[in-house]
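In what follows, a structure is listed as C-alpha cells, so that the remarks can point back to it.
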Amino acid sequence: MTSEIEVTEGTGERVNRDPAPAVTRALGILGLLAEADGRALSLSELARTLGIAKSSCANLCQALEDGEMIRRTSDGFGLGRRNAELGGAYSLQFNQVREFFGLISSSPTLRGELVQIAMLDGADALYLARHEGRMPYRFGAPLGSRLPAVFSAAGNALLMSLTEDQLTEHIDQNLPLRSGIDGLEVTPKELRQRLTLARERGFAVDEGHSTSGVTGVAVPLAAWSPGDPPLALGTAIPMDQADPLRVAAVGTALREVAARLENPWRARAARD
C-alpha cells in the first residue's frame, strides 16, 4: 500500500502517512494468521505483534470475522473460509487455470496424478490450483502455500521462463540458499546447471529437496496475455514410485498439456 507524503509545518520535513491505517492493520492480522502455519493466535498475540491496543485489535478482528476473513476458535483466531474463495477467484482470472482441469482430466498419463499450477512470487513458487487425481496418496503443496523456487520442480520451471537479466537478479537476491529438508545448498553455479539440464530434457525435477519423500516434475507455461504471470505445471510423486520411466512419461505429458494451454496467437507472434 502506498503511503501519502506530508510535509511537517515549520520544519519542512517529509513524513509518510498511512492513508488507511485500519485497513493496513487488518491486512497485518491476516498476514500474521497466514504465517502461523495453522496455529490459532490469541487477541493478545495479534495486538502485541502489531503494536496496537487490544481494544482496537478486537474491533478489527470482529469486522474481519463478520466478513468471514477470520474465524474464532477456542485458542484465538484463524483464517476464515472467505480467503479460500478469494484465492480461487484470483486464480480463475487466468485463462490457463480455467482450462487446466479439463485437460488434466483428459490426459491418460496425468488424470490419476496430483498436478498443480504455480506462479513465481519473489523467491517462492506460489501454488494456485490443484488437480487431486485418483492415486491413494495425498500430498503436495496446499493451495496458497509456497516453496523455495530454487529447490522445487515448479520453481525451477518458473525460473526457466526468466530472461538472463531476471535470473541474475533472482540469483543475486536469493542465493546461496540451503534446503531445510535435506541441507542441500544451491549456489548460482549449481542453479544454472540445474536449469540447463531441465531445458535440455524439457522439464524440471526436484528429488526431494523441497518436500521430504517427494519427487517433483514440472514444466513452464508461458503467460497467456502480456499482463498475466508466467506459470508452471507440476506433479508430486512418492520418491519410491518415481522411477525414470514414470518421471519421463509424466514430464512428456506435462509438456503436451502446456503446449495446449499456450496462447496460439502469442506463440505465432514469437515464431514470426
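Going by the C-alpha cells order, chains are called A, B, ..., each with residues numbered from 1, while ligands are numbered from 1 in the order shown.
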Margin query: Just want the 9 Å neighbourhood of Leu33 (chain A), counted on only C-alpha atoms, with same-chain residues fewer than 6 positions away dropped. Output as a ChimeraX atom specification.
Written below: /A:39-41,46,70,77-79
Those residues with all heavy atoms, as a short mmCIF file (atom, residue, chain, number, x, y, z; two decimals), in the first residue's frame please?
```cif
data_model
loop_
_atom_site.label_atom_id
_atom_site.label_comp_id
_atom_site.auth_asym_id
_atom_site.auth_seq_id
_atom_site.Cartn_x
_atom_site.Cartn_y
_atom_site.Cartn_z
N ARG A 39 -1.76 -22.51 13.22
CA ARG A 39 -1.93 -22.31 14.67
C ARG A 39 -2.79 -21.07 14.92
O ARG A 39 -2.59 -20.04 14.29
CB ARG A 39 -0.56 -22.15 15.34
CG ARG A 39 -0.61 -21.97 16.85
CD ARG A 39 0.79 -21.91 17.44
NE ARG A 39 1.49 -20.70 17.03
CZ ARG A 39 1.42 -19.54 17.69
NH1 ARG A 39 0.66 -19.43 18.77
NH2 ARG A 39 2.12 -18.51 17.27
N ALA A 40 -3.74 -21.20 15.83
CA ALA A 40 -4.57 -20.05 16.19
C ALA A 40 -3.74 -19.04 16.98
O ALA A 40 -2.86 -19.41 17.76
CB ALA A 40 -5.77 -20.50 17.00
N LEU A 41 -4.01 -17.76 16.78
CA LEU A 41 -3.32 -16.70 17.51
C LEU A 41 -4.33 -15.97 18.39
O LEU A 41 -5.44 -15.67 17.96
CB LEU A 41 -2.68 -15.71 16.55
CG LEU A 41 -1.60 -16.26 15.60
CD1 LEU A 41 -1.03 -15.15 14.72
CD2 LEU A 41 -0.48 -16.95 16.37
N LEU A 46 -1.88 -11.03 18.67
CA LEU A 46 -2.07 -10.18 17.49
C LEU A 46 -1.81 -8.72 17.83
O LEU A 46 -1.09 -8.02 17.10
CB LEU A 46 -3.49 -10.35 16.94
CG LEU A 46 -3.82 -11.72 16.33
CD1 LEU A 46 -5.31 -11.81 16.06
CD2 LEU A 46 -3.03 -11.91 15.04
N ILE A 70 -11.66 -14.13 8.97
CA ILE A 70 -11.06 -14.88 10.05
C ILE A 70 -12.17 -15.60 10.81
O ILE A 70 -13.35 -15.29 10.66
CB ILE A 70 -10.22 -14.00 11.01
CG1 ILE A 70 -11.12 -13.05 11.79
CG2 ILE A 70 -9.16 -13.23 10.25
CD1 ILE A 70 -10.37 -12.28 12.88
N PHE A 77 -7.76 -16.93 17.06
CA PHE A 77 -8.30 -16.69 15.72
C PHE A 77 -7.48 -17.43 14.67
O PHE A 77 -6.27 -17.61 14.82
CB PHE A 77 -8.27 -15.18 15.39
CG PHE A 77 -9.18 -14.35 16.26
CD1 PHE A 77 -8.69 -13.72 17.39
CD2 PHE A 77 -10.52 -14.21 15.94
CE1 PHE A 77 -9.51 -12.95 18.19
CE2 PHE A 77 -11.35 -13.45 16.73
CZ PHE A 77 -10.86 -12.81 17.87
N GLY A 78 -8.17 -17.85 13.63
CA GLY A 78 -7.53 -18.45 12.47
C GLY A 78 -8.13 -17.85 11.21
O GLY A 78 -9.11 -17.09 11.27
N LEU A 79 -7.56 -18.19 10.07
CA LEU A 79 -8.08 -17.68 8.81
C LEU A 79 -9.46 -18.26 8.54
O LEU A 79 -9.74 -19.42 8.85
CB LEU A 79 -7.14 -18.02 7.66
CG LEU A 79 -5.80 -17.28 7.63
CD1 LEU A 79 -4.94 -17.81 6.49
CD2 LEU A 79 -6.00 -15.78 7.47
#
```
Check: Skipping near chain neighbours, those fewer than 5 positions away, what residues fall within 8 Å of region 253-261 of chain A using only C-alpha atoms, listed as a list of chain:residue names?
Finding: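 Contacts, in chain order: A:Gln96, A:Glu99, A:Phe100, A:Leu103, A:Ile104, A:Ser107, A:Thr109, A:Leu110, A:Gly202, A:Phe203, A:Ala218, A:Val219, A:Pro220, A:Leu221, A:Leu233, A:Gly234.
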Margin query: So, with only C-alpha atoms as the atoms that count, which of A:Gly133, A:Arg201, A:Arg25, A:Asp66 lies closest to Ala53 (chain A)?
Written below: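 Closest to Ala53 (chain A) of all the choices is A:Arg25.
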Next item on the list: Using backbone DSSP assignments, extract all alpha helix (DSSP H) residues from region 17-226 of chain A; output them as a ChimeraX atom specification.
Entry: /A:21-34,43-50,54-66,82-91,95-105,153-159,164-174,188-201
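The closest residue to Glu207 (chain A), picked from A:Asp243, A:Gln173, A:Leu86, A:Pro226 and counting only C-alpha atoms, is A:Asp243.
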Next item on the list: State, in Å with one decimal place, the distance from CA of Arg192 (chain A) to CA of Gly216 (chain A).
Entry: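 Between these atoms lies a distance of 18.2 Å.
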Notebook entry, point to check: Which residues come within 7 Å of Met119 (chain A), counting only C-alpha atoms, excluding same-chain residues fewer than 5 positions away, as a ChimeraX atom specification?
Noted result: /A:125-127,229-232
Margin query: What does the structure give for the distance between CA of Leu128 (chain A) and CA of Thr49 (chain A), in Å to one decimal?
Written below: 28.6 Å
Next item on the list: Write out as a PyMOL selection string all residues of region 19-238 of chain A that backbone DSSP assigns to strand (DSSP E).
Entry: chain A and resi 70-73+76-79+115-121+124-131+146-148+177-178+185-186+204-207+214-221+231-238
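Separating CA of Asp172 (chain A) from CA of Pro188 (chain A) is a distance of 8.3 Å.
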Next item on the list: Find the spatial neighbours of Arg134 (chain A), counting only C-alpha atoms, within a cut-off of 9 Å - ignore same-chain residues fewer than 4 positions away - and output them as number ranges by chain.
Entry: A: 111-114
If you keep C-alpha atoms, can you produce a file of those selected residues as a PDB file, in the first residue's frame?
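Written file, selection_12.pdb:
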```
ATOM      1  CA  ARG A 111      -5.522 -37.731 -14.780  1.00  0.00           C
ATOM      2  CA  GLY A 112      -4.580 -40.040 -11.922  1.00  0.00           C
ATOM      3  CA  GLU A 113      -1.692 -37.845 -10.730  1.00  0.00           C
ATOM      4  CA  LEU A 114      -1.642 -34.918  -8.340  1.00  0.00           C
TER       5      LEU A 114
END
```
Margin query: Using only C-alpha atoms, which protein or nucleic acid residues come within 7 Å of His131 (chain A)? Drop anything in the same chain fewer than 4 positions from it, and give the result as a ChimeraX atom specification.
Written below: /A:101,114-116
Next item on the list: Skip region 177-185 of chain A itself and residues of its chain fewer than 4 positions away, then list as a PyMOL selection string all residues within 12 Å of it, counting only C-alpha atoms.
Entry: chain A and resi 123+147-152+170-173+189-191+206-214
Could you turn the residues from that selection into a file that holds N, CA, C and O atoms, as a short mmCIF file (atom, residue, chain, number, x, y, z; two decimals), in the first residue's frame?
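As written to disk, out.cif reads:
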```cif
data_model
loop_
_atom_site.label_atom_id
_atom_site.label_comp_id
_atom_site.auth_asym_id
_atom_site.auth_seq_id
_atom_site.Cartn_x
_atom_site.Cartn_y
_atom_site.Cartn_z
N ALA A 123 10.88 -15.01 -4.20
CA ALA A 123 11.80 -16.15 -4.21
C ALA A 123 11.08 -17.49 -4.19
O ALA A 123 11.73 -18.53 -4.17
N LEU A 147 6.84 -22.72 -1.84
CA LEU A 147 8.07 -23.49 -1.70
C LEU A 147 9.19 -22.68 -2.35
O LEU A 147 8.94 -21.97 -3.34
N PRO A 148 10.40 -22.76 -1.83
CA PRO A 148 11.51 -22.00 -2.45
C PRO A 148 11.68 -22.40 -3.91
O PRO A 148 11.78 -23.59 -4.24
N ALA A 149 11.72 -21.42 -4.77
CA ALA A 149 11.79 -21.69 -6.21
C ALA A 149 13.05 -22.44 -6.60
O ALA A 149 13.03 -23.25 -7.53
N VAL A 150 14.16 -22.22 -5.89
CA VAL A 150 15.42 -22.85 -6.30
C VAL A 150 15.44 -24.35 -5.98
O VAL A 150 16.26 -25.09 -6.53
N PHE A 151 14.54 -24.82 -5.09
CA PHE A 151 14.52 -26.24 -4.74
C PHE A 151 13.39 -27.00 -5.40
O PHE A 151 13.55 -28.16 -5.76
N SER A 152 12.21 -26.40 -5.54
CA SER A 152 11.05 -27.12 -6.05
C SER A 152 11.10 -27.25 -7.57
O SER A 152 11.67 -26.40 -8.26
N HIS A 170 17.45 -12.60 -9.63
CA HIS A 170 16.95 -13.58 -8.67
C HIS A 170 18.11 -14.25 -7.92
O HIS A 170 18.05 -14.42 -6.69
N ILE A 171 19.15 -14.60 -8.64
CA ILE A 171 20.31 -15.24 -8.03
C ILE A 171 20.98 -14.30 -7.04
O ILE A 171 21.33 -14.69 -5.91
N ASP A 172 21.17 -13.05 -7.44
CA ASP A 172 21.84 -12.08 -6.57
C ASP A 172 21.07 -11.86 -5.26
O ASP A 172 21.68 -11.65 -4.20
N GLN A 173 19.74 -11.93 -5.33
CA GLN A 173 18.92 -11.64 -4.16
C GLN A 173 18.73 -12.85 -3.25
O GLN A 173 18.54 -12.69 -2.04
N LYS A 189 26.12 -21.28 -9.46
CA LYS A 189 26.60 -22.23 -10.47
C LYS A 189 25.71 -23.47 -10.50
O LYS A 189 25.33 -23.96 -11.57
N GLU A 190 25.35 -23.99 -9.32
CA GLU A 190 24.51 -25.17 -9.24
C GLU A 190 23.13 -24.91 -9.84
O GLU A 190 22.59 -25.74 -10.57
N LEU A 191 22.55 -23.76 -9.55
CA LEU A 191 21.23 -23.46 -10.09
C LEU A 191 21.26 -23.38 -11.61
O LEU A 191 20.39 -23.94 -12.29
N ASP A 206 12.69 -32.22 -9.10
CA ASP A 206 13.15 -32.00 -7.72
C ASP A 206 13.15 -33.35 -7.02
O ASP A 206 12.11 -33.98 -6.86
N GLU A 207 14.31 -33.80 -6.61
CA GLU A 207 14.45 -35.12 -5.98
C GLU A 207 14.41 -35.00 -4.46
O GLU A 207 15.34 -35.36 -3.75
N GLY A 208 13.30 -34.47 -3.97
CA GLY A 208 13.08 -34.42 -2.53
C GLY A 208 13.75 -33.30 -1.79
O GLY A 208 13.83 -33.33 -0.56
N HIS A 209 14.18 -32.25 -2.49
CA HIS A 209 14.87 -31.14 -1.81
C HIS A 209 13.89 -30.12 -1.23
O HIS A 209 14.26 -29.36 -0.35
N SER A 210 12.64 -30.09 -1.72
CA SER A 210 11.67 -29.12 -1.20
C SER A 210 10.60 -29.76 -0.34
O SER A 210 10.03 -29.12 0.54
N THR A 211 10.31 -31.04 -0.57
CA THR A 211 9.34 -31.78 0.23
C THR A 211 9.88 -33.18 0.48
O THR A 211 10.21 -33.90 -0.47
N SER A 212 9.99 -33.56 1.72
CA SER A 212 10.60 -34.84 2.07
C SER A 212 9.83 -36.01 1.46
O SER A 212 8.61 -36.10 1.57
N GLY A 213 10.57 -36.90 0.80
CA GLY A 213 9.98 -38.11 0.26
C GLY A 213 9.20 -37.93 -1.03
O GLY A 213 8.53 -38.86 -1.48
N VAL A 214 9.30 -36.78 -1.64
CA VAL A 214 8.51 -36.47 -2.83
C VAL A 214 9.41 -36.05 -3.98
O VAL A 214 10.31 -35.22 -3.80
#
```
